[in-house]
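So this block is data36.cif, mmCIF, C-alpha atoms:
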```
data_data
#
loop_
_atom_site.group_PDB
_atom_site.id
_atom_site.type_symbol
_atom_site.label_atom_id
_atom_site.label_comp_id
_atom_site.auth_asym_id
_atom_site.auth_seq_id
_atom_site.Cartn_x
_atom_site.Cartn_y
_atom_site.Cartn_z
ATOM 1 C CA SER A 1 0.000 0.000 0.000
ATOM 2 C CA THR A 2 1.157 3.529 -0.750
ATOM 3 C CA SER A 3 -1.017 4.973 2.019
ATOM 4 C CA LEU A 4 0.693 7.238 4.542
ATOM 5 C CA LEU A 5 -1.287 5.453 7.240
ATOM 6 C CA ASN A 6 1.519 2.891 7.081
ATOM 7 C CA GLU A 7 4.140 5.480 8.023
ATOM 8 C CA THR A 8 1.831 6.717 10.764
ATOM 9 C CA GLU A 9 1.715 3.227 12.208
ATOM 10 C CA LEU A 10 5.509 2.972 12.086
ATOM 11 C CA ILE A 11 5.750 6.181 14.105
ATOM 12 C CA GLN A 12 3.265 4.739 16.611
ATOM 13 C CA ILE A 13 5.402 1.595 16.904
ATOM 14 C CA ILE A 14 8.554 3.650 17.470
ATOM 15 C CA ASP A 15 6.796 5.780 20.074
ATOM 16 C CA LEU A 16 5.449 2.758 21.960
ATOM 17 C CA VAL A 17 8.715 0.799 21.920
ATOM 18 C CA PHE A 18 10.858 3.616 23.287
ATOM 19 C CA ALA A 19 8.209 4.597 25.835
ATOM 20 C CA ARG A 20 8.258 1.048 27.165
ATOM 21 C CA LEU A 21 12.060 1.038 27.246
ATOM 22 C CA GLY A 22 12.033 4.349 29.112
ATOM 23 C CA ILE A 23 14.158 6.120 26.483
ATOM 24 C CA ARG A 24 13.149 9.687 25.652
ATOM 25 C CA VAL A 25 13.449 10.147 21.897
ATOM 26 C CA ARG A 26 12.900 12.641 19.135
ATOM 27 C CA ILE A 27 11.479 11.253 15.875
ATOM 28 C CA LEU A 28 12.762 13.133 12.815
ATOM 29 C CA VAL A 29 10.838 12.950 9.531
ATOM 30 C CA ASN A 30 11.580 14.065 5.986
ATOM 31 C CA ASN A 31 10.646 13.029 2.480
ATOM 32 C CA ARG A 32 12.884 12.031 -0.417
ATOM 33 C CA LYS A 33 10.703 14.046 -2.792
ATOM 34 C CA ALA A 34 11.357 17.111 -0.645
ATOM 35 C CA LEU A 35 15.083 16.514 -1.113
ATOM 36 C CA ALA A 36 14.433 16.366 -4.844
ATOM 37 C CA GLY A 37 12.570 19.655 -4.426
ATOM 38 C CA ILE A 38 15.741 21.175 -2.960
ATOM 39 C CA ALA A 39 17.653 20.065 -6.055
ATOM 40 C CA ASP A 40 15.000 21.712 -8.259
ATOM 41 C CA TYR A 41 14.994 24.850 -6.093
ATOM 42 C CA ILE A 42 18.751 25.404 -6.464
ATOM 43 C CA GLY A 43 18.596 24.756 -10.196
ATOM 44 C CA HIS A 44 20.328 21.373 -10.279
ATOM 45 C CA PRO A 45 17.533 18.781 -10.566
ATOM 46 C CA ASP A 46 19.990 16.008 -11.430
ATOM 47 C CA LYS A 47 21.872 16.362 -8.126
ATOM 48 C CA THR A 48 19.315 14.966 -5.655
ATOM 49 C CA ALA A 49 21.549 12.054 -4.603
ATOM 50 C CA GLU A 50 24.573 14.315 -4.175
ATOM 51 C CA ILE A 51 22.600 16.794 -2.077
ATOM 52 C CA ALA A 52 21.186 13.998 0.081
ATOM 53 C CA MET A 53 24.619 12.475 0.720
ATOM 54 C CA ALA A 54 26.144 15.831 1.674
ATOM 55 C CA MET A 55 23.252 17.027 3.851
ATOM 56 C CA ASP A 56 23.210 13.712 5.686
ATOM 57 C CA LYS A 57 26.512 14.766 7.288
ATOM 58 C CA LEU A 58 25.302 18.195 8.409
ATOM 59 C CA GLU A 59 24.912 17.338 12.097
ATOM 60 C CA LYS A 60 28.366 15.736 12.307
ATOM 61 C CA THR A 61 30.447 18.090 10.172
ATOM 62 C CA GLY A 62 28.587 21.422 10.068
ATOM 63 C CA PHE A 63 27.438 23.598 7.190
ATOM 64 C CA GLN A 64 30.859 24.597 5.839
ATOM 65 C CA ALA A 65 31.860 20.951 5.433
ATOM 66 C CA VAL A 66 28.568 20.315 3.618
ATOM 67 C CA VAL A 67 29.310 23.264 1.307
ATOM 68 C CA ARG A 68 32.756 21.863 0.509
ATOM 69 C CA GLU A 69 31.317 18.446 -0.288
ATOM 70 C CA LEU A 70 28.573 19.927 -2.478
ATOM 71 C CA LYS A 71 31.191 21.844 -4.451
ATOM 72 C CA GLU A 72 33.223 18.664 -4.842
ATOM 73 C CA ARG A 73 30.092 16.988 -6.198
ATOM 74 C CA GLY A 74 29.670 19.627 -8.883
ATOM 75 C CA ILE A 75 27.260 22.098 -7.299
ATOM 76 C CA PRO A 76 28.513 25.673 -7.840
ATOM 77 C CA GLU A 77 29.075 28.399 -5.252
ATOM 78 C CA GLU A 78 26.087 30.450 -6.394
ATOM 79 C CA ALA A 79 23.705 27.638 -5.288
ATOM 80 C CA MET A 80 24.915 27.715 -1.694
ATOM 81 C CA PRO A 81 22.762 30.655 -0.469
ATOM 82 C CA LYS A 82 19.648 28.721 -1.468
ATOM 83 C CA ILE A 83 20.928 25.650 0.399
ATOM 84 C CA GLN A 84 21.492 27.898 3.408
ATOM 85 C CA THR A 85 17.926 29.252 3.080
ATOM 86 C CA VAL A 86 16.541 25.729 3.299
ATOM 87 C CA LEU A 87 18.705 24.795 6.281
ATOM 88 C CA ASP A 88 17.831 28.011 8.126
ATOM 89 C CA ILE A 89 14.088 27.262 8.130
ATOM 90 C CA ALA A 90 12.920 27.254 11.758
ATOM 91 C CA GLY A 91 9.726 27.161 13.787
ATOM 92 C CA ASP A 92 7.206 24.459 14.486
ATOM 93 C CA ASN A 93 6.328 21.732 12.010
ATOM 94 C CA ASP A 94 3.542 23.685 10.310
ATOM 95 C CA SER A 95 5.777 26.738 9.872
ATOM 96 C CA ARG A 96 8.567 24.658 8.375
ATOM 97 C CA ILE A 97 6.184 22.848 6.045
ATOM 98 C CA ASP A 98 4.558 26.101 4.882
ATOM 99 C CA ARG A 99 7.905 27.809 4.255
ATOM 100 C CA LEU A 100 9.372 24.922 2.281
ATOM 101 C CA THR A 101 6.171 24.601 0.267
ATOM 102 C CA GLU A 102 6.595 28.240 -0.757
ATOM 103 C CA LEU A 103 10.184 27.627 -1.853
ATOM 104 C CA PHE A 104 9.095 24.629 -3.925
ATOM 105 C CA ASP A 105 6.457 26.561 -5.853
ATOM 106 C CA ALA A 106 8.139 25.696 -9.173
ATOM 107 C CA SER A 107 9.051 22.107 -8.277
ATOM 108 C CA GLU A 108 6.467 19.416 -8.935
ATOM 109 C CA ARG A 109 8.534 16.846 -7.032
ATOM 110 C CA GLY A 110 9.032 19.187 -4.107
ATOM 111 C CA ARG A 111 5.339 20.046 -3.865
ATOM 112 C CA ALA A 112 4.432 16.357 -3.966
ATOM 113 C CA GLY A 113 6.846 15.683 -1.121
ATOM 114 C CA MET A 114 5.461 18.537 0.951
ATOM 115 C CA ASP A 115 1.885 17.348 0.361
ATOM 116 C CA GLU A 116 2.869 13.934 1.737
ATOM 117 C CA ILE A 117 4.635 15.461 4.739
ATOM 118 C CA ARG A 118 1.633 17.661 5.490
ATOM 119 C CA GLN A 119 -0.714 14.663 5.322
ATOM 120 C CA LEU A 120 1.576 12.518 7.472
ATOM 121 C CA PHE A 121 1.782 15.157 10.206
ATOM 122 C CA SER A 122 -1.981 15.530 10.088
ATOM 123 C CA TYR A 123 -2.269 11.819 10.852
ATOM 124 C CA VAL A 124 0.436 11.990 13.526
ATOM 125 C CA ARG A 125 -1.467 14.716 15.373
ATOM 126 C CA GLN A 126 -4.457 12.395 15.606
ATOM 127 C CA VAL A 127 -2.492 9.547 17.222
ATOM 128 C CA ASN A 128 -0.821 12.026 19.633
ATOM 129 C CA PRO A 129 2.531 10.290 20.250
ATOM 130 C CA ARG A 130 4.399 10.897 23.486
ATOM 131 C CA ALA A 131 7.653 11.580 21.649
ATOM 132 C CA GLU A 132 8.257 14.787 19.721
ATOM 133 C CA VAL A 133 7.897 14.201 15.978
ATOM 134 C CA LEU A 134 9.815 16.859 14.068
ATOM 135 C CA PHE A 135 9.933 17.707 10.356
ATOM 136 C CA GLU A 136 13.640 18.004 9.538
ATOM 137 C CA PRO A 137 14.365 19.258 5.967
ATOM 138 C CA SER A 138 18.049 18.238 6.172
ATOM 139 C CA LEU A 139 17.344 14.593 7.056
ATOM 140 C CA ALA A 140 18.495 12.306 4.254
ATOM 141 C CA ARG A 141 19.903 9.085 5.804
ATOM 142 C CA GLY A 142 22.160 8.851 2.770
ATOM 143 C CA LEU A 143 20.451 5.815 1.270
ATOM 144 C CA ASN A 144 19.254 6.191 -2.297
ATOM 145 C CA TYR A 145 16.598 3.489 -2.112
ATOM 146 C CA TYR A 146 14.211 5.695 -0.121
ATOM 147 C CA THR A 147 11.488 7.026 -2.389
ATOM 148 C CA SER A 148 9.302 9.053 -0.045
ATOM 149 C CA THR A 149 9.123 9.200 3.766
ATOM 150 C CA ILE A 150 12.382 9.096 5.730
ATOM 151 C CA ILE A 151 12.363 8.470 9.501
ATOM 152 C CA GLU A 152 15.209 8.694 12.000
ATOM 153 C CA VAL A 153 15.149 8.464 15.808
ATOM 154 C CA LYS A 154 17.576 10.132 18.229
ATOM 155 C CA ALA A 155 17.914 9.688 21.982
ATOM 156 C CA ILE A 156 17.370 12.959 23.868
ATOM 157 C CA ASP A 157 19.343 12.235 27.050
ATOM 158 C CA MET A 158 22.534 10.870 25.488
ATOM 159 C CA GLU A 159 24.798 11.771 22.584
ATOM 160 C CA MET A 160 24.319 8.921 20.162
ATOM 161 C CA GLY A 161 23.737 8.415 16.461
ATOM 162 C CA SER A 162 20.466 7.137 15.099
ATOM 163 C CA ILE A 163 18.931 4.396 17.268
ATOM 164 C CA CYS A 164 16.120 3.611 14.834
ATOM 165 C CA GLY A 165 15.401 4.524 11.250
ATOM 166 C CA GLY A 166 13.563 3.648 8.096
ATOM 167 C CA GLY A 167 10.940 4.936 5.725
ATOM 168 C CA ARG A 168 9.387 4.159 2.372
ATOM 169 C CA TYR A 169 11.210 2.373 -0.428
ATOM 170 C CA ASP A 170 8.670 1.712 -3.159
ATOM 171 C CA ASP A 171 9.807 -0.670 -5.916
ATOM 172 C CA LEU A 172 12.945 -1.766 -4.045
ATOM 173 C CA THR A 173 11.820 -5.312 -4.854
ATOM 174 C CA GLY A 174 12.299 -4.443 -8.523
ATOM 175 C CA ILE A 175 15.981 -5.380 -8.261
ATOM 176 C CA PHE A 176 14.794 -8.933 -7.510
ATOM 177 C CA GLY A 177 12.360 -8.956 -10.434
ATOM 178 C CA LEU A 178 9.189 -8.069 -8.515
ATOM 179 C CA GLN A 179 8.127 -4.769 -10.032
ATOM 180 C CA GLY A 180 5.691 -2.213 -8.614
ATOM 181 C CA MET A 181 5.730 -3.433 -5.021
ATOM 182 C CA SER A 182 5.462 -0.672 -2.415
ATOM 183 C CA GLY A 183 7.249 -1.058 0.886
ATOM 184 C CA VAL A 184 7.748 0.642 4.232
ATOM 185 C CA GLY A 185 9.774 -0.400 7.235
ATOM 186 C CA ILE A 186 11.918 0.547 10.196
ATOM 187 C CA SER A 187 14.971 -0.964 11.834
ATOM 188 C CA PHE A 188 15.883 -0.726 15.518
ATOM 189 C CA GLY A 189 19.590 -0.343 16.329
ATOM 190 C CA ALA A 190 19.886 -2.971 19.058
ATOM 191 C CA ASP A 191 23.532 -2.275 19.906
ATOM 192 C CA ARG A 192 23.007 1.457 20.227
ATOM 193 C CA ILE A 193 19.767 1.022 22.177
ATOM 194 C CA TYR A 194 21.651 -1.280 24.568
ATOM 195 C CA ASP A 195 24.363 1.356 25.005
ATOM 196 C CA VAL A 196 21.775 4.057 25.736
ATOM 197 C CA MET A 197 19.907 1.914 28.248
ATOM 198 C CA ASN A 198 23.135 0.836 29.898
ATOM 199 C CA GLN A 199 24.462 4.401 30.179
ATOM 200 C CA LEU A 200 21.161 5.737 31.515
ATOM 201 C CA GLU A 201 20.696 2.709 33.829
ATOM 202 C CA LEU A 202 17.317 1.836 32.334
ATOM 203 C CA PHE A 203 17.531 -1.949 32.513
ATOM 204 C CA PRO A 204 15.060 -3.388 35.057
ATOM 205 C CA ARG A 205 16.819 -5.103 37.943
ATOM 206 C CA ASP A 206 14.763 -8.250 37.445
ATOM 207 C CA ILE A 207 16.437 -8.630 34.055
ATOM 208 C CA ILE A 208 19.938 -8.210 35.465
ATOM 209 C CA HIS A 209 19.280 -10.392 38.540
ATOM 210 C CA THR A 210 17.214 -13.343 37.392
ATOM 211 C CA THR A 211 17.432 -15.728 40.357
ATOM 212 C CA GLY A 212 15.255 -15.159 43.400
ATOM 213 C CA ILE A 213 16.102 -18.282 45.421
ATOM 214 C CA LEU A 214 19.336 -20.239 45.683
ATOM 215 C CA PHE A 215 19.230 -23.808 46.991
ATOM 216 C CA VAL A 216 22.358 -24.765 48.897
ATOM 217 C CA ASN A 217 24.166 -27.867 47.585
ATOM 218 C CA PHE A 218 24.649 -30.307 50.502
ATOM 219 C CA GLY A 219 25.332 -33.430 48.425
ATOM 220 C CA PRO A 220 23.724 -36.008 46.087
ATOM 221 C CA ARG A 221 20.717 -37.029 48.227
ATOM 222 C CA GLU A 222 19.886 -33.461 49.199
ATOM 223 C CA ASN A 223 20.281 -32.351 45.587
ATOM 224 C CA GLU A 224 17.656 -34.838 44.405
ATOM 225 C CA TYR A 225 15.255 -33.466 47.013
ATOM 226 C CA SER A 226 16.104 -29.861 46.035
ATOM 227 C CA LEU A 227 15.683 -30.513 42.324
ATOM 228 C CA ARG A 228 12.133 -31.786 42.871
ATOM 229 C CA LEU A 229 11.300 -28.636 44.820
ATOM 230 C CA ILE A 230 12.949 -26.366 42.232
ATOM 231 C CA GLY A 231 10.851 -27.997 39.516
ATOM 232 C CA ARG A 232 7.695 -27.093 41.455
ATOM 233 C CA LEU A 233 8.951 -23.536 41.973
ATOM 234 C CA HIS A 234 9.606 -23.118 38.263
ATOM 235 C CA GLU A 235 6.082 -24.308 37.501
ATOM 236 C CA ALA A 236 4.846 -21.581 39.865
ATOM 237 C CA GLY A 237 6.867 -18.976 37.957
ATOM 238 C CA ILE A 238 9.498 -18.578 40.659
ATOM 239 C CA ALA A 239 13.121 -18.234 39.552
ATOM 240 C CA ALA A 240 15.263 -20.642 41.564
ATOM 241 C CA GLU A 241 18.546 -22.473 41.072
ATOM 242 C CA LEU A 242 20.703 -25.089 42.806
ATOM 243 C CA TYR A 243 24.339 -24.262 43.495
ATOM 244 C CA PRO A 244 26.243 -26.589 41.138
ATOM 245 C CA ASP A 245 28.955 -27.885 43.484
ATOM 246 C CA THR A 246 29.119 -29.332 46.992
ATOM 247 C CA VAL A 247 31.417 -26.776 48.602
ATOM 248 C CA LYS A 248 31.562 -24.948 51.911
ATOM 249 C CA LEU A 249 28.371 -23.146 52.924
ATOM 250 C CA LYS A 250 30.250 -19.857 53.233
ATOM 251 C CA LYS A 251 31.237 -19.957 49.564
ATOM 252 C CA GLN A 252 27.678 -20.697 48.474
ATOM 253 C CA LEU A 253 26.287 -17.846 50.578
ATOM 254 C CA SER A 254 28.968 -15.526 49.153
ATOM 255 C CA TYR A 255 27.793 -16.481 45.673
ATOM 256 C CA ALA A 256 24.210 -15.601 46.608
ATOM 257 C CA ASP A 257 25.373 -12.320 48.052
ATOM 258 C CA ALA A 258 27.412 -11.422 44.961
ATOM 259 C CA ARG A 259 24.469 -12.242 42.690
ATOM 260 C CA LYS A 260 22.102 -10.168 44.847
ATOM 261 C CA ILE A 261 19.885 -13.217 45.381
ATOM 262 C CA ASN A 262 17.167 -12.453 47.899
ATOM 263 C CA PHE A 263 16.709 -15.862 49.515
ATOM 264 C CA VAL A 264 18.681 -19.034 50.193
ATOM 265 C CA VAL A 265 17.052 -22.404 50.844
ATOM 266 C CA LEU A 266 18.724 -24.883 53.204
ATOM 267 C CA ALA A 267 17.439 -28.402 52.616
ATOM 268 C CA GLY A 268 19.423 -30.931 54.668
ATOM 269 C CA GLU A 269 18.663 -34.195 56.461
ATOM 270 C CA GLU A 270 16.222 -32.660 58.946
ATOM 271 C CA GLU A 271 14.273 -30.755 56.278
ATOM 272 C CA MET A 272 14.054 -33.849 54.078
ATOM 273 C CA THR A 273 12.657 -35.889 56.981
ATOM 274 C CA LEU A 274 10.015 -33.232 57.737
ATOM 275 C CA GLN A 275 9.360 -32.516 54.027
ATOM 276 C CA GLN A 276 10.210 -28.876 54.623
ATOM 277 C CA ILE A 277 12.897 -26.322 53.800
ATOM 278 C CA THR A 278 14.669 -23.648 55.810
ATOM 279 C CA LEU A 279 14.418 -20.262 54.128
ATOM 280 C CA LYS A 280 17.123 -17.690 54.844
ATOM 281 C CA ASP A 281 16.454 -14.029 54.056
ATOM 282 C CA MET A 282 19.811 -12.718 52.834
ATOM 283 C CA ALA A 283 18.955 -9.104 53.637
ATOM 284 C CA THR A 284 17.974 -9.663 57.289
ATOM 285 C CA GLY A 285 19.571 -13.021 58.118
ATOM 286 C CA ARG A 286 16.207 -14.293 59.418
ATOM 287 C CA GLN A 287 15.469 -18.001 58.931
ATOM 288 C CA GLN A 288 12.171 -19.894 59.003
ATOM 289 C CA LYS A 289 10.992 -23.422 58.293
ATOM 290 C CA LEU A 290 8.332 -23.799 55.609
ATOM 291 C CA SER A 291 6.583 -26.414 53.536
ATOM 292 C CA LEU A 292 6.924 -26.104 49.770
ATOM 293 C CA ASP A 293 3.363 -24.759 49.468
ATOM 294 C CA GLU A 294 4.079 -22.174 52.148
ATOM 295 C CA LEU A 295 7.272 -21.169 50.336
ATOM 296 C CA ILE A 296 5.402 -20.700 47.060
ATOM 297 C CA GLN A 297 2.721 -18.662 48.815
ATOM 298 C CA LEU A 298 5.264 -16.505 50.616
ATOM 299 C CA MET A 299 7.286 -15.806 47.489
ATOM 300 C CA GLY A 300 4.178 -15.012 45.478
ATOM 301 C CA ASP A 301 3.082 -12.521 48.116
ATOM 302 C CA LYS A 302 6.424 -10.736 48.086
ATOM 303 C CA GLN A 303 6.896 -9.953 44.413
ATOM 304 C CA ALA A 304 6.682 -11.886 41.184
ATOM 305 C CA GLY A 305 9.937 -12.460 39.367
ATOM 306 C CA PHE A 306 12.175 -11.787 42.362
ATOM 307 C CA PRO A 307 14.281 -8.851 41.273
ATOM 308 C CA GLY A 308 17.611 -8.767 43.044
ATOM 309 C CA ARG A 309 18.259 -6.731 46.136
ATOM 310 C CA GLN A 310 19.000 -3.079 45.423
#
```
Translate the structure described by the file into structure tokens.
Amino acid sequence: STSLLNETELIQIIDLVFARLGIRVRILVNNRKALAGIADYIGHPDKTAEIAMAMDKLEKTGFQAVVRELKERGIPEEAMPKIQTVLDIAGDNDSRIDRLTELFDASERGRAGMDEIRQLFSYVRQVNPRAEVLFEPSLARGLNYYTSTIIEVKAIDMEMGSICGGGRYDDLTGIFGLQGMSGVGISFGADRIYDVMNQLELFPRDIIHTTGILFVNFGPRENEYSLRLIGRLHEAGIAAELYPDTVKLKKQLSYADARKINFVVLAGEEEMTLQQITLKDMATGRQQKLSLDELIQLMGDKQAGFPGRQ
């Protein structure tokens, strides 16, 4: 489908994903046809790709570096004031769209791009995303297969390149022999998103600390008893593990402490005889004897998932 409702949905997806991750983002939007409009506006309609590649570096290198690259790509000095006019456009989205539409009065491609941008932002207003969605005339992403909408996402609270991007690439399938197929899509930069979340300490503690209960390893017979209990705990959605080696209790408790595990279960000869366990609270040192059902009830009452101690 060529409908801009598809791009609207992509923006909704981006907004929802980063809201759930707790990352504040700014969603930048442009249109490849608007970049073609810039080429028409400066009088070099055959230089759309060159303009896009140079402008894509604006944020990193600055305007003078963009000017140098444009000159190297065959765009003369006298075109630079018009490039500057485009890049100097400020204000809210509607003001930017109106101003660029005026500049593209003589460009059919430019007007078509601005019509699409105007329609897309009309849709975006209706879905009311939490993130700021900003029309950015200099956004190019440097990839020539985009045919219309271009989307790029930046983290607000950390200096980082794009952490998500995409857009529309109609007829990209043509290189594989499937002509006339429209397409839209986005890609999330997992490595960069990880770096942002790590730097801003956004990972939930129950992801970092997965075990809530450690069973002490007293030996083969006790391990068989513990494994049966751990199986029941897993069925109840409680994260538990058995220390893998029969070593001194102090070492096993040190392991629990280092892993920020909330509770340790002691299941020795006495507990096996009584069909119970001894539960040790690692934060307070308090111990109590419980049946397996009582343990499951107690753990469920505390908090599901057992995030590690903070």
*CA of Arg32 in chain A to CA of Asp15 in chain A: how many Å, to one decimal?*
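According to the coordinates, CA of Arg32 in chain A and CA of Asp15 in chain A are separated by 22.3 Å.
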*Using all atoms listed in the file, which residue out of A:Ala155, A:Ala36, A:Ala131, A:Val264 lies closest to Gly113 in chain A?*
A:Ala36
*Explicit residues for the PyMOL selection byres ((chain A and resi 87-101) around 7) (as an MDAnalysis selection string)*: chainID A and resid 83:86 102:105 111 114 118 134:135 138
Expected file: the selected residues, C-alpha atoms, as a CSV table (one decimal), in the frame of the given file:
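Output file part24.csv follows:
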```csv
chain,number,residue,atom,x,y,z
A,83,ILE,CA,20.9,25.6,0.4
A,84,GLN,CA,21.5,27.9,3.4
A,85,THR,CA,17.9,29.3,3.1
A,86,VAL,CA,16.5,25.7,3.3
A,102,GLU,CA,6.6,28.2,-0.8
A,103,LEU,CA,10.2,27.6,-1.9
A,104,PHE,CA,9.1,24.6,-3.9
A,105,ASP,CA,6.5,26.6,-5.9
A,111,ARG,CA,5.3,20.0,-3.9
A,114,MET,CA,5.5,18.5,1.0
A,118,ARG,CA,1.6,17.7,5.5
A,134,LEU,CA,9.8,16.9,14.1
A,135,PHE,CA,9.9,17.7,10.4
A,138,SER,CA,18.0,18.2,6.2
```
*Compare A:Glu116, A:Glu77, A:Glu136, A:Glu201 by their minimum atom-to-atom distance to Met55 in chain A, counting only C-alpha atoms, and give me the closest one.*
A:Glu136
*Name every residue that the PyMOL selection byres ((chain A and resi 154) around 9) selects in this structure, writing the answer as a list in words with chains first and numbers rising.*
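Listing what the PyMOL selection byres ((chain A and resi 154) around 9) selects in the shown file: Arg24, Val25, Arg26, Ile27, Leu28, Glu152, Val153, Ala155, Ile156, Met158, Glu159, Met160, Gly161, Ser162, Ile163 and Cys164 of chain A.
The spacing separating CA of Arg73 in chain A from CA of Lys47 in chain A amounts to 8.5 Å.
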*Just how far from CA of Asp157 in chain A is CA of Ile13 in chain A, in Å to one decimal?*
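Taking CA of Ile13 in chain A as the start and CA of Asp157 in chain A as the end point, the length is 20.3 Å.
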Could you tell me, as a short mmCIF file (atom, residue, chain, number, x, y, z; two decimals) with C-alpha atoms, in the frame of the given file, exactly which residues end up selected when the PyMOL selection byres ((chain A and resi 21) around 10) is applied to this structure?
```cif
data_model
loop_
_atom_site.label_atom_id
_atom_site.label_comp_id
_atom_site.auth_asym_id
_atom_site.auth_seq_id
_atom_site.Cartn_x
_atom_site.Cartn_y
_atom_site.Cartn_z
CA LEU A 16 5.45 2.76 21.96
CA VAL A 17 8.72 0.80 21.92
CA PHE A 18 10.86 3.62 23.29
CA ALA A 19 8.21 4.60 25.84
CA ARG A 20 8.26 1.05 27.16
CA GLY A 22 12.03 4.35 29.11
CA ILE A 23 14.16 6.12 26.48
CA ARG A 24 13.15 9.69 25.65
CA ILE A 193 19.77 1.02 22.18
CA MET A 197 19.91 1.91 28.25
CA LEU A 202 17.32 1.84 32.33
CA PHE A 203 17.53 -1.95 32.51
CA PRO A 204 15.06 -3.39 35.06
#
```
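Minimum atom-to-atom distance to Ser1 in chain A, evaluated using all atoms listed in the file, belongs to A:Met181 out of A:Leu292, A:Ala190, A:Val216, A:Met181.
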_Measuring between all atoms listed in the file, which one of A:Lys71, A:Arg232, A:Lys260, A:Lys248 shows the shortest distance to Gly212 in chain A?_
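The answer is A:Lys260, which sits nearest to Gly212 in chain A.
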*Please provide the set of residues having any atom within 9 Å of range 279-282 of chain A, restricted to only C-alpha atoms, with same-chain residues fewer than 4 positions apart removed, written as a PyMOL selection string.*
chain A and resi 253+256-257+260-267+286-290+295
*Have a look at A:Thr284, A:Ser291, A:Thr149, A:Thr211 and name the one nearest to Gln119 in chain A; count all atoms listed in the file.*
A:Thr149
_Shortest interatomic distance to Ala54 in chain A - which of A:Ala140, A:Ala39, A:Ala236, A:Leu249, counting all atoms listed in the file_ =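 Using all atoms listed in the file, Ala54 in chain A sits closest to A:Ala140.
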*Neighbours of range 225-227 of chain A within 8 Å (only C-alpha atoms; same-chain residues fewer than 5 positions away dropped), as a VMD selection string?*
chain A and resid 215 242 267 272
Once 8 Å is added on each side, what are the centre and the three edge lengths, in Å to one decimal, of the axis-aligned box enclosing the listed atoms of range 144-160 of chain A? Present them as lines of an AutoDock Vina configuration file.
```
center_x = 17.0
center_y = 8.2
center_z = 12.3
size_x = 31.7
size_y = 25.5
size_z = 45.4
```
*Which polymer residues have any atom within 10 Å of an atom of Tyr146 in chain A, counting all atoms listed in the file, with same-chain residues fewer than 4 positions away left out, as a PyMOL selection string?*
chain A and resi 31-33+140-142+150+166-172+183-184
